[in-house]
Amino acid sequence: MMNSRLRFVLGIAMLTSLCSINGNTRVSGSEEQPALKPIVRVVDLNIGESTTVTLNNGAQVKVKLLYLKESRDPIRQAIRSAIVAVQVDNESIALESGMYNLPQKIGRVQIDCSITKGYNSNGTPAFWGLEKDARLRFWPADSPLIKPGSFIYPVDQLWFATRTWYDNEPVDGGSKILPKIYYHSGLDIGGAEKLTRVIAATDAVVVSSGTDVLDGHKKDTPVASRYDVVYLLDARGWYYRYSHLHKINDHIRPGRLIKQGEEIGILGKKGASGGWSHLHFEIKSRQPSGKWGTQAGYAFLWEAYRNQYHPPLVANTRRKHFIKAGDSTILKGSQSYSATNSIQNYEWTFTDGTTANGPKIKRTYNQPGVYSEILKVTDKQGNVDYDFAEVHVLDPKNLTEYVPRIHASYWPSLKNKVGDPITFKVRTFGTTDGNEVWDFKDGTPLVSVKSDGNVKALNENGYAVTEHTFEKPGDYLVTVKRSRDDGVTSVTRLHVRVEPK
């Protein structure tokens with residue numbers, strides 16, 4: 001039976017879904033607040049503009065946007081970093097927009113920058129609804145980012161189990177390098193096609209399932225229905241988009257109230273996925289411009305995952321690097337997390353076998369290909385975790401085509417034990433030459449498979465599948481690579497933790 005709190009919250013959500021705009025019920029021409037008022041406060045500012053922000057706890061802070069600096073790559077002119085300086089009361093802070101950055105504390109607030117104006121110039125401005133120079137978000141200094149218990153991680157798998165593409169990251173995909181940039185809004189969470197469960201992040205009402213849309217949500221809402229997409233609406237008045245689902249469960253029908261954690265469907269690569277298996281998860285809300293736009297979700301996902309799974313240590317070197325052969329890039333591990341704030345070592349192992357130490361490393365790449373560089377972090381308690389820096393290196397003689405790329409995944413990714421079978425999936429993009437070669441790093445022979453090379457993105461059998469078991473506990477940095485006939489090689493890695501039986 002549904003408890004009384006859930007009935008109350010979702011009853012209001014249902015009411016707003018039927019007779020409101022932006023989740024706020026219209027009564028005699030006025031708007032009431034949503035049943036669950038968000039903690040975050042959002043403002044859009046131009047450089048030099050000031051405003052007063054009233055926080056969730058009633059405190060007021062004075063805010064001014066001081067400057068904005070956006071850095072673009074020389075290949076696509078895509079923004080790879082955007083830095084804003086903000087004055088909060090009498091203190092100033094520099095923030096990088098998106099790119100796996102979390103809110104920072106200054107004075108009485110936590111603050112982040114969701115998006116800046118340059119993403120509109122050669123990208124997709126409608127995603128964000130931004131009309132000024134930058135969007136800033138505020139929470140009280142010691143506040144959670146989202147109401148505890150009201151939001152959970154929307155996939156049943158390990159954090160960073162495979163590739164991600166998060167807020168603001170330029171999507172370097174397809175076959176040809178195009179001048180118009182798809183800057184990611186929302187969160188692409190890679191996973192194992194046809195295996196990974198997708199679950200409701202919040203208590204919600206289903207407003208669309210496939211092409212079936214609830215009355216009242218077909219106009220002046222962010223709902224863009226498609227056969228592989230589900231939209232949910234929660235009591236904050238926020239819409240949640242779940243895309244590329246291989247299967248939508250039969251009971252996920254418009255008008256149905258569902259509980260947080262309920263399975264929506266199975267992760268896949270349907271729709272406009274580009275052929276790689278992932279969940280596109282995106283939150284939409286009204287923005288200060290009055291338009292619908294993305295409510296940047298990375299910080300909410302990370303807080304939810306941390307509260308659910310309590311990881312002691314998480315390595316993070318996520319942002320992708322996009323350069324041409326002969327150029328350098330800086331690999332960073334400084335966004336890694338330690339529950340005790342006690343990371344002691346940042347150790348790097350590169351694809352060519354060389355090593356380095358430190359939270360930031362400058363690295364030059366002379367040969368085209370895709371590199372997967374290992375970051376190992378260790379804290380004072382002896383906990384260890386790994387992540388992988390993905391570096392795309394183009395041939396300087398051919399800057400109109402991508403080099404081959406690989407997506408790999410595994411399932412299950414949580415609580416694997418010695419002797420348990422694990423399913424590994426891999427697909428190469430950009431070449432049909434050669435085979436993918438797996439090295440499970442446990443002393444067993446290499447395994448050769450052959451995916452379709454993404455010739456047809458939605459091919460049901462596009463991924464090559466293999467199964468493997470590990471006979472000893474430990475951390476395995478599983479590697480898979482594939483080479484084009486000219487020797488250009490793509491490498492990717494997965495961190496598989498195996499526990500004792």
# chains A, B, ... in the order shown; residues from 1 in each chain; ligands from 1

$ residues_around --residues "Trp159 in chain A" --least-positions-apart "4" --cutoff "10 Å" --atoms "only C-alpha atoms" --output "list in words"
Tyr153, Val155, Thr164, Ile189, Leu301, Trp302, Tyr305, Arg306, Tyr309, Pro311, Val314, Ser413 and Leu414 of chain A

$ write_last_selection --atoms "C-alpha atoms" --output "PDB file, in the first residue's frame"
ATOM      1  CA  TYR A 153      20.563   7.451  -8.314  1.00  0.00           C
ATOM      2  CA  VAL A 155      20.442   3.356 -12.511  1.00  0.00           C
ATOM      3  CA  THR A 164      29.675   9.204 -19.029  1.00  0.00           C
ATOM      4  CA  ILE A 189      25.131   7.411 -17.914  1.00  0.00           C
ATOM      5  CA  LEU A 301      23.266  12.552  -8.732  1.00  0.00           C
ATOM      6  CA  TRP A 302      26.540  12.562  -6.851  1.00  0.00           C
ATOM      7  CA  TYR A 305      24.782   8.142  -4.876  1.00  0.00           C
ATOM      8  CA  ARG A 306      26.990   9.097  -1.949  1.00  0.00           C
ATOM      9  CA  TYR A 309      26.214   3.711  -1.216  1.00  0.00           C
ATOM     10  CA  PRO A 311      31.769   5.097  -0.891  1.00  0.00           C
ATOM     11  CA  VAL A 314      36.031   7.728  -5.542  1.00  0.00           C
ATOM     12  CA  SER A 413      28.860  -3.834 -11.626  1.00  0.00           C
ATOM     13  CA  LEU A 414      27.966  -4.047  -7.920  1.00  0.00           C
TER      14      LEU A 414
END

$ residues_around --residues "range 135-152 of chain A" --least-positions-apart "6" --cutoff "6 Å" --atoms "only C-alpha atoms" --output "list in words"
Val40, Arg41, Val42, Val43, Asp44, Arg108, Val109, Gln110, Ile111, Asp112, Cys113, Ser114, Ile115, Ala201, Thr202 and Ala304 of chain A

$ closest_residue --among "A:Pro396, A:Gly462, A:Gly326, A:Gly265" --to "Thr364 in chain A" --atoms "only C-alpha atoms"
A:Gly326

$ closest_residue --among "A:Asp167, A:Glu467, A:Asp73, A:Glu263" --to "Asp327 in chain A" --atoms "only C-alpha atoms"
A:Asp73

$ closest_residue --among "A:Val86, A:Leu187, A:Leu446, A:Leu130" --to "Gln287 in chain A" --atoms "only C-alpha atoms"
A:Leu130

$ closest_residue --among "A:Ile266, A:Val370, A:Val403, A:Ile248" --to "Leu279 in chain A" --atoms "only C-alpha atoms"
A:Ile266

$ select_by_dssp --residues "range 74-152 of chain A" --states "strand (DSSP E)" --output "JSON, numbers by chain"
{"A": [79, 80, 81, 82, 83, 84, 85, 86, 87, 88, 91, 92, 93, 94, 95, 96, 104, 105, 106, 109, 110, 111, 112, 113, 114, 115, 116, 134, 135, 136, 137, 138, 139, 140]}

$ residues_around --residues "Gly297 in chain A" --least-positions-apart "2" --cutoff "10 Å" --atoms "only C-alpha atoms" --output "PyMOL selection string"
chain A and resi 98+114+166-167+185-187+281-284+294-295+299-302

$ residues_around --residues "range 427-429 of chain A" --least-positions-apart "3" --cutoff "10 Å" --atoms "only C-alpha atoms" --output "short mmCIF file (atom, residue, chain, number, x, y, z; two decimals) with all heavy atoms, in the first residue's frame"
data_model
loop_
_atom_site.label_atom_id
_atom_site.label_comp_id
_atom_site.auth_asym_id
_atom_site.auth_seq_id
_atom_site.Cartn_x
_atom_site.Cartn_y
_atom_site.Cartn_z
N GLY A 173 31.35 12.93 -31.21
CA GLY A 173 30.87 11.65 -31.69
C GLY A 173 30.45 11.72 -33.14
O GLY A 173 30.54 12.77 -33.78
N GLY A 174 29.99 10.60 -33.67
CA GLY A 174 29.66 10.53 -35.08
C GLY A 174 30.89 10.13 -35.88
O GLY A 174 31.90 9.69 -35.34
N SER A 175 30.83 10.31 -37.19
CA SER A 175 31.97 9.96 -38.04
C SER A 175 32.73 11.20 -38.49
O SER A 175 33.96 11.22 -38.50
CB SER A 175 31.50 9.17 -39.26
OG SER A 175 30.52 9.90 -39.98
N GLY A 274 23.15 7.53 -30.93
CA GLY A 274 24.46 7.43 -31.55
C GLY A 274 25.00 6.01 -31.57
O GLY A 274 26.11 5.77 -32.03
N GLY A 275 24.21 5.07 -31.04
CA GLY A 275 24.61 3.67 -31.11
C GLY A 275 25.32 3.16 -29.87
O GLY A 275 25.71 1.99 -29.84
N TRP A 276 25.50 4.01 -28.85
CA TRP A 276 26.13 3.49 -27.62
C TRP A 276 25.07 3.40 -26.53
O TRP A 276 24.16 4.22 -26.44
CB TRP A 276 27.34 4.31 -27.21
CG TRP A 276 27.11 5.66 -26.62
CD1 TRP A 276 26.71 6.79 -27.28
CD2 TRP A 276 27.30 6.03 -25.26
NE1 TRP A 276 26.64 7.85 -26.41
CE2 TRP A 276 27.00 7.41 -25.16
CE3 TRP A 276 27.72 5.35 -24.12
CZ2 TRP A 276 27.09 8.12 -23.96
CZ3 TRP A 276 27.81 6.05 -22.92
CH2 TRP A 276 27.50 7.41 -22.85
N SER A 277 25.17 2.38 -25.70
CA SER A 277 24.13 2.09 -24.72
C SER A 277 24.30 2.98 -23.49
O SER A 277 25.32 2.95 -22.82
CB SER A 277 24.16 0.61 -24.32
OG SER A 277 25.42 0.24 -23.82
N TYR A 402 36.95 11.64 -37.01
CA TYR A 402 37.36 11.10 -35.72
C TYR A 402 38.19 9.84 -35.91
O TYR A 402 38.06 9.12 -36.90
CB TYR A 402 36.14 10.75 -34.87
CG TYR A 402 35.35 11.94 -34.40
CD1 TYR A 402 34.16 12.28 -35.02
CD2 TYR A 402 35.80 12.73 -33.36
CE1 TYR A 402 33.42 13.37 -34.59
CE2 TYR A 402 35.08 13.82 -32.93
CZ TYR A 402 33.89 14.14 -33.55
OH TYR A 402 33.17 15.22 -33.13
N VAL A 403 39.05 9.57 -34.95
CA VAL A 403 39.73 8.28 -34.89
C VAL A 403 38.75 7.28 -34.29
O VAL A 403 37.73 7.65 -33.69
CB VAL A 403 41.01 8.38 -34.04
CG1 VAL A 403 42.04 9.25 -34.74
CG2 VAL A 403 40.72 8.91 -32.64
N PRO A 404 39.00 5.98 -34.46
CA PRO A 404 38.09 4.98 -33.88
C PRO A 404 37.96 5.14 -32.37
O PRO A 404 38.92 5.49 -31.67
CB PRO A 404 38.76 3.65 -34.24
CG PRO A 404 39.60 3.95 -35.43
CD PRO A 404 40.08 5.35 -35.23
N ARG A 405 36.76 4.88 -31.88
CA ARG A 405 36.47 4.94 -30.45
C ARG A 405 35.78 3.66 -30.01
O ARG A 405 35.18 2.97 -30.83
CB ARG A 405 35.55 6.13 -30.13
CG ARG A 405 36.22 7.49 -30.27
CD ARG A 405 35.28 8.49 -30.94
NE ARG A 405 35.06 8.13 -32.34
CZ ARG A 405 33.91 8.33 -32.99
NH1 ARG A 405 32.89 8.85 -32.38
NH2 ARG A 405 33.79 7.97 -34.25
N ILE A 406 35.84 3.36 -28.73
CA ILE A 406 35.27 2.13 -28.18
C ILE A 406 34.38 2.47 -26.99
O ILE A 406 34.74 3.32 -26.16
CB ILE A 406 36.37 1.16 -27.72
CG1 ILE A 406 37.20 0.67 -28.91
CG2 ILE A 406 35.77 -0.04 -26.99
CD1 ILE A 406 38.35 -0.23 -28.50
N HIS A 407 33.22 1.81 -26.92
CA HIS A 407 32.45 1.82 -25.68
C HIS A 407 32.38 0.40 -25.14
O HIS A 407 32.03 -0.53 -25.88
CB HIS A 407 31.03 2.34 -25.89
CG HIS A 407 30.22 2.25 -24.62
ND1 HIS A 407 29.02 1.58 -24.54
CD2 HIS A 407 30.48 2.71 -23.36
CE1 HIS A 407 28.57 1.65 -23.29
NE2 HIS A 407 29.43 2.33 -22.57
N ALA A 408 32.74 0.24 -23.88
CA ALA A 408 32.68 -1.06 -23.21
C ALA A 408 31.90 -0.91 -21.92
O ALA A 408 31.89 0.15 -21.29
CB ALA A 408 34.08 -1.59 -22.93
N SER A 409 31.25 -1.99 -21.51
CA SER A 409 30.50 -1.98 -20.26
C SER A 409 30.49 -3.39 -19.68
O SER A 409 30.87 -4.36 -20.35
CB SER A 409 29.07 -1.49 -20.49
OG SER A 409 28.38 -2.38 -21.37
N THR A 432 35.60 -0.70 -39.13
CA THR A 432 35.23 -2.12 -39.12
C THR A 432 36.47 -3.00 -39.23
O THR A 432 36.36 -4.23 -39.34
CB THR A 432 34.26 -2.44 -40.28
OG1 THR A 432 34.87 -2.06 -41.52
CG2 THR A 432 32.94 -1.70 -40.11
N ASP A 433 37.65 -2.39 -39.21
CA ASP A 433 38.90 -3.15 -39.27
C ASP A 433 39.13 -3.90 -37.96
O ASP A 433 38.81 -3.41 -36.88
CB ASP A 433 40.09 -2.22 -39.50
CG ASP A 433 40.02 -1.48 -40.83
OD1 ASP A 433 39.27 -1.94 -41.72
OD2 ASP A 433 40.70 -0.45 -40.97
N ASN A 435 39.61 -6.68 -34.76
CA ASN A 435 38.75 -7.18 -33.69
C ASN A 435 39.01 -6.41 -32.41
O ASN A 435 40.09 -5.83 -32.23
CB ASN A 435 39.02 -8.66 -33.42
CG ASN A 435 38.61 -9.56 -34.56
OD1 ASN A 435 37.99 -9.11 -35.53
ND2 ASN A 435 38.93 -10.83 -34.46
N GLU A 436 38.04 -6.45 -31.49
CA GLU A 436 38.30 -5.99 -30.13
C GLU A 436 39.01 -7.12 -29.37
O GLU A 436 38.64 -8.29 -29.50
CB GLU A 436 37.01 -5.64 -29.40
CG GLU A 436 36.31 -4.41 -29.93
CD GLU A 436 35.19 -4.71 -30.91
OE1 GLU A 436 35.02 -5.92 -31.26
OE2 GLU A 436 34.48 -3.79 -31.34
N VAL A 449 36.98 -10.59 -29.89
CA VAL A 449 35.59 -10.55 -30.35
C VAL A 449 35.51 -9.51 -31.46
O VAL A 449 36.48 -8.78 -31.73
CB VAL A 449 34.63 -10.19 -29.20
CG1 VAL A 449 34.65 -11.25 -28.11
CG2 VAL A 449 34.94 -8.81 -28.62
N LYS A 450 34.35 -9.42 -32.12
CA LYS A 450 34.22 -8.46 -33.20
C LYS A 450 32.82 -7.84 -33.18
O LYS A 450 31.83 -8.54 -33.45
CB LYS A 450 34.48 -9.10 -34.56
CG LYS A 450 34.61 -8.09 -35.71
CD LYS A 450 34.92 -8.79 -37.02
CE LYS A 450 35.15 -7.80 -38.16
NZ LYS A 450 36.41 -7.06 -38.03
N SER A 451 32.74 -6.56 -32.82
CA SER A 451 31.46 -5.85 -32.93
C SER A 451 31.28 -5.38 -34.37
O SER A 451 32.17 -5.53 -35.21
CB SER A 451 31.43 -4.66 -31.97
OG SER A 451 32.25 -3.60 -32.46
N ASP A 452 30.13 -4.76 -34.63
CA ASP A 452 29.79 -4.39 -36.01
C ASP A 452 30.41 -3.08 -36.47
O ASP A 452 30.22 -2.67 -37.61
CB ASP A 452 28.27 -4.32 -36.16
CG ASP A 452 27.66 -3.17 -35.36
OD1 ASP A 452 28.35 -2.61 -34.48
OD2 ASP A 452 26.50 -2.83 -35.63
N GLY A 453 31.12 -2.37 -35.58
CA GLY A 453 31.71 -1.09 -35.98
C GLY A 453 30.69 0.04 -36.08
O GLY A 453 30.98 1.08 -36.67
N ASN A 454 29.50 -0.17 -35.54
CA ASN A 454 28.44 0.85 -35.54
C ASN A 454 28.03 1.26 -36.95
O ASN A 454 27.66 2.41 -37.20
CB ASN A 454 28.87 2.09 -34.74
CG ASN A 454 27.69 2.96 -34.33
OD1 ASN A 454 26.69 2.46 -33.84
ND2 ASN A 454 27.80 4.25 -34.54
N VAL A 455 28.07 0.33 -37.88
CA VAL A 455 27.64 0.62 -39.26
C VAL A 455 26.17 1.03 -39.26
O VAL A 455 25.77 1.96 -39.97
CB VAL A 455 27.88 -0.60 -40.16
CG1 VAL A 455 27.30 -0.36 -41.55
CG2 VAL A 455 29.38 -0.90 -40.25
N ALA A 457 23.57 2.19 -36.36
CA ALA A 457 23.61 2.55 -34.95
C ALA A 457 22.66 1.72 -34.09
O ALA A 457 23.00 1.35 -32.97
CB ALA A 457 23.31 4.04 -34.79
N ASN A 461 22.23 -6.32 -32.54
CA ASN A 461 23.40 -7.12 -32.17
C ASN A 461 24.70 -6.36 -32.40
O ASN A 461 25.73 -6.96 -32.71
CB ASN A 461 23.39 -8.43 -32.96
CG ASN A 461 22.16 -9.26 -32.70
OD1 ASN A 461 21.82 -9.52 -31.54
ND2 ASN A 461 21.45 -9.66 -33.75
N GLY A 462 24.64 -5.05 -32.24
CA GLY A 462 25.81 -4.23 -32.51
C GLY A 462 26.97 -4.46 -31.56
O GLY A 462 28.14 -4.33 -31.93
N TYR A 463 26.67 -4.79 -30.31
CA TYR A 463 27.72 -5.03 -29.31
C TYR A 463 28.17 -6.48 -29.37
O TYR A 463 27.35 -7.40 -29.52
CB TYR A 463 27.20 -4.73 -27.90
CG TYR A 463 27.24 -3.27 -27.54
CD1 TYR A 463 26.22 -2.42 -27.94
CD2 TYR A 463 28.29 -2.74 -26.79
CE1 TYR A 463 26.24 -1.07 -27.62
CE2 TYR A 463 28.32 -1.40 -26.46
CZ TYR A 463 27.30 -0.57 -26.88
OH TYR A 463 27.33 0.77 -26.57
N ALA A 464 29.47 -6.68 -29.26
CA ALA A 464 30.02 -8.03 -29.10
C ALA A 464 30.01 -8.38 -27.62
O ALA A 464 30.38 -7.55 -26.78
CB ALA A 464 31.43 -8.10 -29.67
N VAL A 465 29.62 -9.60 -27.31
CA VAL A 465 29.38 -9.98 -25.91
C VAL A 465 30.30 -11.14 -25.54
O VAL A 465 30.49 -12.09 -26.32
CB VAL A 465 27.91 -10.40 -25.71
CG1 VAL A 465 27.64 -10.75 -24.25
CG2 VAL A 465 26.97 -9.30 -26.19
N LYS A 481 40.90 -3.20 -26.59
CA LYS A 481 41.43 -2.31 -27.62
C LYS A 481 41.07 -2.86 -29.00
O LYS A 481 40.81 -4.05 -29.18
CB LYS A 481 42.94 -2.14 -27.48
CG LYS A 481 43.75 -3.41 -27.63
CD LYS A 481 45.25 -3.15 -27.50
CE LYS A 481 45.64 -2.67 -26.13
NZ LYS A 481 47.12 -2.50 -26.02
N ARG A 482 41.10 -1.96 -29.96
CA ARG A 482 40.89 -2.35 -31.35
C ARG A 482 41.69 -1.40 -32.24
O ARG A 482 41.73 -0.20 -31.98
CB ARG A 482 39.41 -2.30 -31.73
CG ARG A 482 39.09 -2.82 -33.14
CD ARG A 482 37.60 -3.03 -33.31
NE ARG A 482 37.21 -3.39 -34.67
CZ ARG A 482 35.98 -3.77 -35.02
NH1 ARG A 482 35.02 -3.85 -34.09
NH2 ARG A 482 35.69 -4.08 -36.27
N SER A 483 42.32 -1.93 -33.27
CA SER A 483 43.18 -1.15 -34.15
C SER A 483 42.64 -1.11 -35.57
O SER A 483 42.12 -2.11 -36.08
CB SER A 483 44.60 -1.73 -34.17
OG SER A 483 45.19 -1.68 -32.89
N SER A 490 42.40 2.33 -30.57
CA SER A 490 41.56 2.88 -29.51
C SER A 490 41.62 1.92 -28.32
O SER A 490 41.55 0.71 -28.49
CB SER A 490 40.12 3.04 -29.98
OG SER A 490 39.29 3.52 -28.94
#

$ residues_around --residues "Leu36 in chain A" --least-positions-apart "5" --cutoff "9 Å" --atoms "only C-alpha atoms" --output "ChimeraX atom specification"
/A:9,147,234-237

$ select_by_dssp --residues "range 262-372 of chain A" --states "helix (DSSP H, G or I)" --output "VMD selection string"
chain A and resid 298 to 309

$ write_last_selection --atoms "all heavy atoms" --output "mmCIF file, in the first residue's frame"
data_model
loop_
_atom_site.group_PDB
_atom_site.id
_atom_site.type_symbol
_atom_site.label_atom_id
_atom_site.label_comp_id
_atom_site.auth_asym_id
_atom_site.auth_seq_id
_atom_site.Cartn_x
_atom_site.Cartn_y
_atom_site.Cartn_z
ATOM 1 N N TYR A 298 24.336 16.920 -12.252
ATOM 2 C CA TYR A 298 25.473 16.139 -11.774
ATOM 3 C C TYR A 298 25.595 16.169 -10.253
ATOM 4 O O TYR A 298 25.782 15.125 -9.600
ATOM 5 C CB TYR A 298 26.764 16.641 -12.416
ATOM 6 C CG TYR A 298 28.019 16.044 -11.841
ATOM 7 C CD1 TYR A 298 28.293 14.687 -11.975
ATOM 8 C CD2 TYR A 298 28.944 16.825 -11.153
ATOM 9 C CE1 TYR A 298 29.449 14.131 -11.439
ATOM 10 C CE2 TYR A 298 30.106 16.278 -10.623
ATOM 11 C CZ TYR A 298 30.356 14.934 -10.760
ATOM 12 O OH TYR A 298 31.490 14.382 -10.233
ATOM 13 N N ALA A 299 25.482 17.354 -9.656
ATOM 14 C CA ALA A 299 25.647 17.469 -8.208
ATOM 15 C C ALA A 299 24.557 16.698 -7.466
ATOM 16 O O ALA A 299 24.814 16.089 -6.420
ATOM 17 C CB ALA A 299 25.614 18.943 -7.798
ATOM 18 N N PHE A 300 23.332 16.691 -8.000
ATOM 19 C CA PHE A 300 22.245 15.947 -7.370
ATOM 20 C C PHE A 300 22.506 14.440 -7.438
ATOM 21 O O PHE A 300 22.283 13.708 -6.459
ATOM 22 C CB PHE A 300 20.913 16.274 -8.036
ATOM 23 C CG PHE A 300 20.524 17.730 -7.981
ATOM 24 C CD1 PHE A 300 19.957 18.346 -9.083
ATOM 25 C CD2 PHE A 300 20.727 18.480 -6.833
ATOM 26 C CE1 PHE A 300 19.592 19.680 -9.040
ATOM 27 C CE2 PHE A 300 20.372 19.819 -6.783
ATOM 28 C CZ PHE A 300 19.801 20.428 -7.896
ATOM 29 N N LEU A 301 22.965 13.970 -8.596
ATOM 30 C CA LEU A 301 23.266 12.552 -8.732
ATOM 31 C C LEU A 301 24.371 12.119 -7.784
ATOM 32 O O LEU A 301 24.282 11.067 -7.140
ATOM 33 C CB LEU A 301 23.661 12.223 -10.178
ATOM 34 C CG LEU A 301 22.591 11.539 -11.027
ATOM 35 C CD1 LEU A 301 21.409 12.466 -11.244
ATOM 36 C CD2 LEU A 301 23.158 11.088 -12.357
ATOM 37 N N TRP A 302 25.410 12.934 -7.703
ATOM 38 C CA TRP A 302 26.540 12.562 -6.851
ATOM 39 C C TRP A 302 26.126 12.531 -5.385
ATOM 40 O O TRP A 302 26.460 11.598 -4.646
ATOM 41 C CB TRP A 302 27.711 13.519 -7.070
ATOM 42 C CG TRP A 302 28.812 13.378 -6.068
ATOM 43 C CD1 TRP A 302 29.339 14.347 -5.280
ATOM 44 C CD2 TRP A 302 29.533 12.172 -5.734
ATOM 45 N NE1 TRP A 302 30.330 13.836 -4.481
ATOM 46 C CE2 TRP A 302 30.466 12.505 -4.736
ATOM 47 C CE3 TRP A 302 29.458 10.864 -6.182
ATOM 48 C CZ2 TRP A 302 31.324 11.570 -4.178
ATOM 49 C CZ3 TRP A 302 30.320 9.914 -5.613
ATOM 50 C CH2 TRP A 302 31.241 10.273 -4.636
ATOM 51 N N GLU A 303 25.354 13.528 -4.932
ATOM 52 C CA GLU A 303 24.898 13.531 -3.547
ATOM 53 C C GLU A 303 24.011 12.319 -3.267
ATOM 54 O O GLU A 303 24.140 11.663 -2.224
ATOM 55 C CB GLU A 303 24.133 14.822 -3.249
ATOM 56 C CG GLU A 303 23.693 14.941 -1.794
ATOM 57 C CD GLU A 303 23.089 16.299 -1.491
ATOM 58 O OE1 GLU A 303 21.886 16.497 -1.795
ATOM 59 O OE2 GLU A 303 23.816 17.162 -0.956
ATOM 60 N N ALA A 304 23.119 11.996 -4.209
ATOM 61 C CA ALA A 304 22.239 10.847 -4.029
ATOM 62 C C ALA A 304 23.032 9.547 -3.954
ATOM 63 O O ALA A 304 22.779 8.697 -3.081
ATOM 64 C CB ALA A 304 21.221 10.786 -5.161
ATOM 65 N N TYR A 305 23.984 9.366 -4.868
ATOM 66 C CA TYR A 305 24.782 8.142 -4.876
ATOM 67 C C TYR A 305 25.590 8.026 -3.585
ATOM 68 O O TYR A 305 25.663 6.943 -2.981
ATOM 69 C CB TYR A 305 25.715 8.133 -6.085
ATOM 70 C CG TYR A 305 26.493 6.839 -6.226
ATOM 71 C CD1 TYR A 305 25.978 5.778 -6.957
ATOM 72 C CD2 TYR A 305 27.724 6.666 -5.596
ATOM 73 C CE1 TYR A 305 26.676 4.580 -7.070
ATOM 74 C CE2 TYR A 305 28.423 5.480 -5.695
ATOM 75 C CZ TYR A 305 27.897 4.437 -6.441
ATOM 76 O OH TYR A 305 28.587 3.252 -6.540
ATOM 77 N N ARG A 306 26.182 9.113 -3.172
ATOM 78 C CA ARG A 306 26.990 9.097 -1.949
ATOM 79 C C ARG A 306 26.140 8.715 -0.733
ATOM 80 O O ARG A 306 26.568 7.939 0.130
ATOM 81 C CB ARG A 306 27.630 10.474 -1.750
ATOM 82 C CG ARG A 306 28.756 10.500 -0.730
ATOM 83 C CD ARG A 306 29.416 11.860 -0.680
ATOM 84 N NE ARG A 306 28.547 12.876 -0.132
ATOM 85 C CZ ARG A 306 28.130 13.954 -0.793
ATOM 86 N NH1 ARG A 306 28.488 14.134 -2.050
ATOM 87 N NH2 ARG A 306 27.355 14.841 -0.213
ATOM 88 N N ASN A 307 24.917 9.242 -0.659
ATOM 89 C CA ASN A 307 24.039 8.927 0.471
ATOM 90 C C ASN A 307 23.544 7.482 0.424
ATOM 91 O O ASN A 307 23.296 6.874 1.469
ATOM 92 C CB ASN A 307 22.848 9.880 0.482
ATOM 93 C CG ASN A 307 23.239 11.301 0.866
ATOM 94 O OD1 ASN A 307 24.274 11.516 1.495
ATOM 95 N ND2 ASN A 307 22.422 12.266 0.485
ATOM 96 N N GLN A 308 23.384 6.925 -0.777
ATOM 97 C CA GLN A 308 22.906 5.548 -0.904
ATOM 98 C C GLN A 308 23.987 4.520 -0.628
ATOM 99 O O GLN A 308 23.766 3.524 0.058
ATOM 100 C CB GLN A 308 22.372 5.308 -2.317
ATOM 101 C CG GLN A 308 21.021 5.919 -2.600
ATOM 102 C CD GLN A 308 20.670 5.764 -4.074
ATOM 103 O OE1 GLN A 308 20.733 6.719 -4.836
ATOM 104 N NE2 GLN A 308 20.301 4.562 -4.479
ATOM 105 N N TYR A 309 25.186 4.753 -1.202
ATOM 106 C CA TYR A 309 26.214 3.711 -1.216
ATOM 107 C C TYR A 309 27.403 3.986 -0.293
ATOM 108 O O TYR A 309 28.216 3.097 -0.067
ATOM 109 C CB TYR A 309 26.707 3.514 -2.653
ATOM 110 C CG TYR A 309 25.637 2.955 -3.563
ATOM 111 C CD1 TYR A 309 24.889 3.785 -4.393
ATOM 112 C CD2 TYR A 309 25.350 1.597 -3.586
ATOM 113 C CE1 TYR A 309 23.900 3.275 -5.235
ATOM 114 C CE2 TYR A 309 24.364 1.072 -4.413
ATOM 115 C CZ TYR A 309 23.645 1.922 -5.239
ATOM 116 O OH TYR A 309 22.668 1.413 -6.051
#

$ closest_residue --among "A:Ser334, A:Gln87, A:Asn168, A:Thr469" --to "Gly443 in chain A" --atoms "only C-alpha atoms"
A:Thr469

$ residues_around --residues "range 194-197 of chain A" --least-positions-apart "3" --cutoff "9 Å" --atoms "only C-alpha atoms" --output "PyMOL selection string"
chain A and resi 154-157+191+245-247+263-268+277+411-412

$ residues_around --residues "Thr466 in chain A" --least-positions-apart "5" --cutoff "9 Å" --atoms "only C-alpha atoms" --output "list of chain:residue names"
A:Ile422, A:Thr423, A:Phe424, A:Lys425, A:Val426, A:Val447, A:Val449

$ write_last_selection --atoms "C-alpha atoms" --output "short mmCIF file (atom, residue, chain, number, x, y, z; two decimals), in the first residue's frame"
data_model
loop_
_atom_site.label_atom_id
_atom_site.label_comp_id
_atom_site.auth_asym_id
_atom_site.auth_seq_id
_atom_site.Cartn_x
_atom_site.Cartn_y
_atom_site.Cartn_z
CA ILE A 422 30.17 -11.16 -15.44
CA THR A 423 28.89 -10.10 -18.85
CA PHE A 424 31.14 -7.77 -20.86
CA LYS A 425 29.91 -5.83 -23.90
CA VAL A 426 31.93 -3.79 -26.40
CA VAL A 447 39.81 -12.85 -25.74
CA VAL A 449 35.59 -10.55 -30.35
#

$ closest_atom_pairs --of "range 443-488 of chain A" --to "range 338-362 of chain A" --cutoff "12 Å" --atoms "only C-alpha atoms" --output "JSON lines"
{"residue": "A:Leu477", "atom": "CA", "partner": "A:Thr349", "partner_atom": "CA", "distance": 11.3}
{"residue": "A:Thr479", "atom": "CA", "partner": "A:Thr351", "partner_atom": "CA", "distance": 10.4}
{"residue": "A:Val480", "atom": "CA", "partner": "A:Thr351", "partner_atom": "CA", "distance": 11.9}
{"residue": "A:Lys481", "atom": "CA", "partner": "A:Thr351", "partner_atom": "CA", "distance": 11.1}
